[in-house]
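K.L.:
Below you'll find the structure I mean.
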Amino acid sequence: MSTGLNYEIQMRPDFSMLKVNLQQGEKVFAEPSAMASMSPSLTLKAGMKGGALKSLGRLMGGESLIINTFTAADGPGEVVFAPGHLGDTQHYRLTGGSLMLQRGAYMANSEGVEVTGKWQGAKGFFSGEGLVLLKASGTGDIFFNSYGAILEIDVADDYIVDTGFIVAFEDTLQYKVTTLPGLRGGGFKRLFFSGEGLVCRFSGQGRVWVQTRYVSPYLSWIHQFRPSKKK
Amino acid sequence: MFDSYESFQGGVFHASVPEGRAGASIYLTHSEIVAKTQPEGEQTFSIRLSECQLDLGGASGRMLFCRTPDRSLTIFCEEKGFAQALHQDAMGTLSEQLSNLCMTQRRSENQFRFWVMASAVLLVVLCVGGYYGVLAASRAAVHALPISVDEKIGTIAMQSMDLEEPLDEEHPANQLVAGIVDRLKPHAAIREMDFNVVVVESDEVNAFALPGGEIVVYTGLIEQAESAEQIAGVIAHEMSHATLRHGLQSVSQSLGIIAAIQIMIGDVGGLLALGSELAQESILTGYSRGAETEADLEGARMLHAAHIDPKSMAEFFELLKEQQGDIPGVIAWISTHPQHAQRIENIINYEKTLPKVEYHLLDLDLSAAQQALK
């Protein structure tokens, strides 16, 4: 087993880029269109990784069916990946466990890691963040990105995160979609007027990665400055 | 040294491993749970079964956590056989904790199943209710539209149908049908509707109405009829489709359902194109069974009001039923008008509920029309 990819995350946190240095024969997998620059010694192959079902799972998790494989076929080289939106990139080393990723958070991974969708059922439905989370498992490196910077939080017992801010969490954490404790029993009025929607309550031991910005409030803030179409 | 024991994939939480967490291979000896961190087996941790505390959790809800009493060390595993193996190897020391966990898990799974079932039932109710709601709403909407809409659709449909060889207006067959329509017209549910009849030369025993009052009768129908009243029965039925505005209703229902689907799943252009095609087809291929029954009864009412025996309509169905095998053309009208035994009964029963009036035979010459067609 390899000791992991030689990588470097630059320009953190807002305009982060991931640079991976590959030795001869080494591979790295990434989502389509993430590649910004690379050495000519690398070759690219596109394909559905892990079979049709796993690919479909990824599709449901807001990712592409296709995953690009970069191989250092003609000698060592480097490849630079950039996320689609501004924000940070985070590395996580998988050691046999799994990491749950928010919709669309996946960026790249090394050999030995498998990425697929995980059906969340009612939990996913009520969180408003999609029915399917991405699940990365195996042994190796995984890179994911956020909107805004990333905050790493060690959960020891219970912790609450607004569903829109979750980027990733370890599989040792149990999670429940719920309303904020103070709002419960206060009826719908408090739920709607507080501006706080549904939250994720994590319990157990493990780490959660939280992004410092949430896309949809940003969009509604920006929306008021858009010129409106006159009829 | 643990190679003889069954191994499971899992992990450990401990302050001494990098980042506090590491993947591990887990072995069960008869007195301890042992975890060797991966990949090189750098560190080994163990928890004595007698002081182990168990907990369920994780993203899947099925991960088993084994902790020391001071919670400084946790060994966790999600593999299926782990709890079973723990139960056997612990020789009863952990049985109570395991069965407690089992019970809470089962309870939450049952709860989950209940909610899934409840949501499924709710979804079905919403879909079915929505479907009938759309139907009812479109029906109401159609009656609010002016008749000129029916007429426009009827004219367009008529033009697009490309009818072969319509008979001359002076032809006795045309005179016959026009005479019947004149007799029925004052009793139509919509007075201002302008009925227009076209007789088309064809062996098919068929007749249909388009929205707005365009009525097409095939000569095959006139040739096979035994009396002018039977033809009047079919024409009353077709006129009723027009006055009850079934054509517009089937269009609006198809469109209404498509609109509802669009609202639910977003704008789908292809679906709309398919929908309008379906709607066009539904006018031409026939109405729903409910619409047919409605047209039967409304036709019978018109016949009764015009002092023509509504039983003649039933007679014609009877005739078609008997001749079905002999004349290939008969199948055309039958195929869009199913289950006529039931319909004959309905018409006869309905006629009995109407006030008694004296029925007159039509003052029209069927045999002359039939002669002219030969």
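Identifiers for the structure tokens are assigned positionally: chains receive A, B, ... in sequence, residues are indexed from 1 per chain, and ligands are indexed from 1 in the order shown.
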Could you pull the residues within 6 Å of region 169-182 of chain A, counting only C-alpha atoms, minus those fewer than 2 positions along the same chain, as a compact mmCIF listing (two decimals) with all heavy atoms, in the first residue's frame?

P.N.:
# COMPACT_ATOMS: atom_id res chain seq x y z
N SER A 98 -15.02 5.18 6.47
CA SER A 98 -15.60 5.97 5.38
C SER A 98 -15.83 7.41 5.80
O SER A 98 -15.88 7.73 6.98
CB SER A 98 -16.95 5.42 4.90
OG SER A 98 -17.20 4.17 5.33
N LEU A 99 -15.96 8.24 4.79
CA LEU A 99 -16.22 9.66 4.99
C LEU A 99 -17.47 10.00 4.20
O LEU A 99 -17.61 9.62 3.04
CB LEU A 99 -15.03 10.47 4.47
CG LEU A 99 -15.12 11.97 4.68
CD1 LEU A 99 -14.88 12.31 6.14
CD2 LEU A 99 -14.09 12.69 3.81
N MET A 100 -18.43 10.69 4.85
CA MET A 100 -19.64 11.09 4.15
C MET A 100 -19.44 12.51 3.64
O MET A 100 -18.99 13.38 4.40
CB MET A 100 -20.85 11.06 5.10
CG MET A 100 -21.01 9.79 5.90
SD MET A 100 -21.25 8.33 4.90
CE MET A 100 -22.94 8.58 4.40
N LYS A 123 -34.29 11.49 5.84
CA LYS A 123 -33.33 12.44 6.39
C LYS A 123 -32.87 13.42 5.32
O LYS A 123 -32.84 14.62 5.53
CB LYS A 123 -32.10 11.67 6.88
CG LYS A 123 -32.05 11.51 8.37
CD LYS A 123 -30.68 11.04 8.78
CE LYS A 123 -30.69 9.60 9.19
NZ LYS A 123 -29.44 9.12 9.75
N ARG A 184 -38.34 23.91 19.03
CA ARG A 184 -39.28 22.81 19.12
C ARG A 184 -40.38 23.14 20.11
O ARG A 184 -40.12 23.69 21.18
CB ARG A 184 -38.56 21.53 19.54
CG ARG A 184 -39.10 20.34 18.77
CD ARG A 184 -38.17 19.15 18.95
NE ARG A 184 -36.81 19.46 18.53
CZ ARG A 184 -35.74 19.04 19.19
NH1 ARG A 184 -35.86 18.34 20.28
NH2 ARG A 184 -34.55 19.33 18.73
N LEU A 198 -33.84 23.77 9.25
CA LEU A 198 -33.54 22.47 9.83
C LEU A 198 -32.04 22.35 10.06
O LEU A 198 -31.24 22.92 9.33
CB LEU A 198 -34.03 21.38 8.88
CG LEU A 198 -35.55 21.33 8.78
CD1 LEU A 198 -35.97 20.53 7.57
CD2 LEU A 198 -36.14 20.74 10.05
N VAL A 199 -31.71 21.64 11.10
CA VAL A 199 -30.31 21.47 11.43
C VAL A 199 -29.98 19.99 11.52
O VAL A 199 -30.86 19.14 11.63
CB VAL A 199 -29.94 22.16 12.75
CG1 VAL A 199 -30.06 23.65 12.62
CG2 VAL A 199 -30.81 21.63 13.88
N CYS A 200 -28.71 19.71 11.48
CA CYS A 200 -28.22 18.35 11.61
C CYS A 200 -27.64 18.21 13.01
O CYS A 200 -26.80 19.01 13.42
CB CYS A 200 -27.14 18.15 10.56
SG CYS A 200 -27.17 16.54 9.86
N ARG A 201 -28.11 17.21 13.75
CA ARG A 201 -27.58 17.00 15.08
C ARG A 201 -26.69 15.77 15.04
O ARG A 201 -27.16 14.66 14.81
CB ARG A 201 -28.74 16.79 16.05
CG ARG A 201 -28.34 16.83 17.48
CD ARG A 201 -29.45 16.35 18.38
NE ARG A 201 -29.03 16.48 19.76
CZ ARG A 201 -29.35 17.51 20.52
NH1 ARG A 201 -30.12 18.45 20.04
NH2 ARG A 201 -28.92 17.58 21.75
N PHE A 202 -25.41 16.01 15.26
CA PHE A 202 -24.45 14.91 15.24
C PHE A 202 -24.26 14.38 16.65
O PHE A 202 -24.22 15.15 17.61
CB PHE A 202 -23.09 15.38 14.71
CG PHE A 202 -23.11 15.70 13.24
CD1 PHE A 202 -23.23 17.01 12.80
CD2 PHE A 202 -23.03 14.68 12.31
CE1 PHE A 202 -23.25 17.29 11.45
CE2 PHE A 202 -23.05 14.96 10.95
CZ PHE A 202 -23.15 16.27 10.52
N SER A 203 -24.14 13.06 16.76
CA SER A 203 -23.82 12.51 18.06
C SER A 203 -22.81 11.39 17.89
O SER A 203 -22.71 10.78 16.83
CB SER A 203 -25.09 12.01 18.76
OG SER A 203 -25.77 11.11 17.94
N GLY A 204 -22.04 11.16 18.95
CA GLY A 204 -20.96 10.18 18.89
C GLY A 204 -19.63 10.89 18.84
O GLY A 204 -19.51 12.03 19.28
N GLN A 205 -18.65 10.21 18.29
CA GLN A 205 -17.30 10.76 18.25
C GLN A 205 -16.82 10.80 16.82
O GLN A 205 -16.99 9.83 16.08
CB GLN A 205 -16.39 9.85 19.09
CG GLN A 205 -15.09 10.49 19.47
CD GLN A 205 -14.29 9.59 20.41
OE1 GLN A 205 -14.78 8.57 20.88
NE2 GLN A 205 -13.06 9.97 20.67
N GLY A 206 -16.23 11.91 16.41
CA GLY A 206 -15.73 12.01 15.05
C GLY A 206 -15.59 13.46 14.65
O GLY A 206 -15.79 14.36 15.47
N ARG A 207 -15.21 13.67 13.39
CA ARG A 207 -14.98 15.03 12.94
C ARG A 207 -16.01 15.47 11.91
O ARG A 207 -16.48 14.66 11.10
CB ARG A 207 -13.59 15.15 12.32
CG ARG A 207 -12.56 15.65 13.31
CD ARG A 207 -11.19 15.64 12.71
NE ARG A 207 -10.75 14.29 12.41
CZ ARG A 207 -9.63 14.01 11.75
NH1 ARG A 207 -8.87 14.99 11.29
NH2 ARG A 207 -9.30 12.77 11.52
N VAL A 208 -16.36 16.75 11.97
CA VAL A 208 -17.26 17.35 10.98
C VAL A 208 -16.52 18.50 10.34
O VAL A 208 -15.82 19.25 11.02
CB VAL A 208 -18.53 17.90 11.65
CG1 VAL A 208 -19.48 18.49 10.61
CG2 VAL A 208 -19.24 16.85 12.45
N GLY B 57 -24.21 3.45 16.91
CA GLY B 57 -24.26 4.79 16.33
C GLY B 57 -23.70 4.80 14.93
O GLY B 57 -23.84 3.83 14.18
N GLY B 58 -23.02 5.88 14.61
CA GLY B 58 -22.44 6.02 13.28
C GLY B 58 -23.46 6.50 12.26
O GLY B 58 -24.65 6.53 12.53
N ALA B 59 -22.96 6.86 11.08
CA ALA B 59 -23.82 7.40 10.03
C ALA B 59 -24.87 6.39 9.60
O ALA B 59 -25.97 6.75 9.22
CB ALA B 59 -22.97 7.83 8.84

K.L.:
Residues within 9 Å of region 99-104 of chain B, please, as a ChimeraX atom specification. Count only C-alpha atoms; anything in the same chain fewer than 3 positions from it doesn't count.

P.N.:
/B:54-56,94-96,107-109

K.L.:
Those same residues, written as a short mmCIF file (atom, residue, chain, number, x, y, z; two decimals), in the first residue's frame with C-alpha atoms?

P.N.:
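That gives us out15.cif:
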data_model
loop_
_atom_site.label_atom_id
_atom_site.label_comp_id
_atom_site.auth_asym_id
_atom_site.auth_seq_id
_atom_site.Cartn_x
_atom_site.Cartn_y
_atom_site.Cartn_z
CA LEU B 54 -21.13 -0.90 24.19
CA ASP B 55 -22.91 1.72 22.14
CA LEU B 56 -24.58 1.87 18.73
CA LEU B 94 -21.89 -8.59 27.27
CA SER B 95 -25.18 -10.31 26.50
CA GLU B 96 -27.30 -7.91 28.48
CA ARG B 107 -37.53 -0.01 17.95
CA SER B 108 -36.02 2.78 15.87
CA GLU B 109 -36.18 0.61 12.76
#

K.L.:
Of the residues A:Leu86, A:Ala46, A:Ala73, A:Leu53, which is the one nearest to Arg12 (chain A), using only C-alpha atoms?

P.N.:
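That would be A:Leu86, the residue with the smallest distance to Arg12 (chain A).
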
K.L.:
Would you mind listing, as number ranges by chain, all residues of chain B that have at least one atom within 10 Å of chain A, where only C-alpha atoms are what counts?

P.N.:
B: 9-11, 13, 19-25, 37-40, 55-65, 74, 76-78, 112, 115-116, 119

K.L.:
Would you pick out the contacts of Tyr7 (chain A) at 8 Å or less, using only C-alpha atoms, so that residues sharing its chain but fewer than 5 positions from it are not included, and give the list as number ranges by chain?

P.N.:
A: 18-21

K.L.:
Quick one: everything within 9 Å of Thr29 (chain B), counting only C-alpha atoms, minus sequence neighbours fewer than 2 positions away in the same chain. Send it as a PyMOL selection string.

P.N.:
chain B and resi 2+5+27+31-34+89-90

K.L.:
So that I have them on file, write out the residues from the current selection with N, CA and C atoms, as an mmCIF file, in the first residue's frame.

P.N.:
data_model
loop_
_atom_site.group_PDB
_atom_site.id
_atom_site.type_symbol
_atom_site.label_atom_id
_atom_site.label_comp_id
_atom_site.auth_asym_id
_atom_site.auth_seq_id
_atom_site.Cartn_x
_atom_site.Cartn_y
_atom_site.Cartn_z
ATOM 1 N N PHE B 2 -2.241 -12.788 16.252
ATOM 2 C CA PHE B 2 -3.703 -12.928 16.327
ATOM 3 C C PHE B 2 -4.266 -13.631 15.096
ATOM 4 N N TYR B 5 -7.295 -15.864 15.107
ATOM 5 C CA TYR B 5 -8.635 -15.348 15.424
ATOM 6 C C TYR B 5 -9.293 -14.751 14.197
ATOM 7 N N TYR B 27 -9.607 -8.050 16.445
ATOM 8 C CA TYR B 27 -9.637 -9.482 16.744
ATOM 9 C C TYR B 27 -10.340 -9.673 18.076
ATOM 10 N N SER B 31 -10.971 -13.029 26.139
ATOM 11 C CA SER B 31 -11.066 -12.081 27.243
ATOM 12 C C SER B 31 -10.953 -10.629 26.807
ATOM 13 N N GLU B 32 -10.544 -10.406 25.567
ATOM 14 C CA GLU B 32 -10.265 -9.018 25.154
ATOM 15 C C GLU B 32 -10.722 -8.735 23.717
ATOM 16 N N ILE B 33 -10.978 -7.429 23.447
ATOM 17 C CA ILE B 33 -11.135 -6.962 22.071
ATOM 18 C C ILE B 33 -9.828 -6.278 21.721
ATOM 19 N N VAL B 34 -9.173 -6.753 20.654
ATOM 20 C CA VAL B 34 -7.862 -6.223 20.304
ATOM 21 C C VAL B 34 -7.945 -5.515 18.958
ATOM 22 N N ASP B 89 -18.155 -14.822 21.884
ATOM 23 C CA ASP B 89 -16.855 -14.844 22.550
ATOM 24 C C ASP B 89 -16.914 -14.300 23.966
ATOM 25 N N ALA B 90 -17.852 -13.389 24.212
ATOM 26 C CA ALA B 90 -17.906 -12.791 25.540
ATOM 27 C C ALA B 90 -18.532 -13.732 26.565
#

K.L.:
Between B:Val181, B:Lys374, B:Ser288, B:Ile75, which is the closest to Thr219 (chain B) once you count only C-alpha atoms?

P.N.:
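Looking only at the distances to Thr219 (chain B), the closest residue turns out to be B:Lys374.
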
K.L.:
Point out the residue among A:Ile9, A:Ala105, A:Met60, A:Ala36 with the least atom-to-atom distance to Trp209 (chain A), counting only C-alpha atoms.

P.N.:
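So, comparing all the options, the nearest one is A:Ala105.
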
K.L.:
Any chance you could list, as a count of residues only, the residues in region 9-244 of chain B that come up strand (DSSP E or B) when DSSP is run on the backbone?

P.N.:
53

K.L.:
Which distance in Å separates CA of Ser252 (chain B) and CA of Arg289 (chain B), to one decimal?

P.N.:
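Taking CA of Ser252 (chain B) and CA of Arg289 (chain B), their separation equals 17.0 Å.
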
K.L.:
Write out as a list in words each polymer residue whose atoms come within 7 Å of Asn68 (chain A), counting only C-alpha atoms; drop sequence neighbours fewer than 6 positions from it.

P.N.:
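The residues satisfying every condition are Phe29, Ala30, Glu31, Pro32, Leu44, Lys45, Ala46 and Gly47 of chain A.
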
K.L.:
Pick the closest to Met158 (chain B) from B:Glu238, B:Glu204, B:Glu192, B:Glu214: which is it, counting only C-alpha atoms?

P.N.:
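Ranked by minimum distance to Met158 (chain B), first place goes to B:Glu214.
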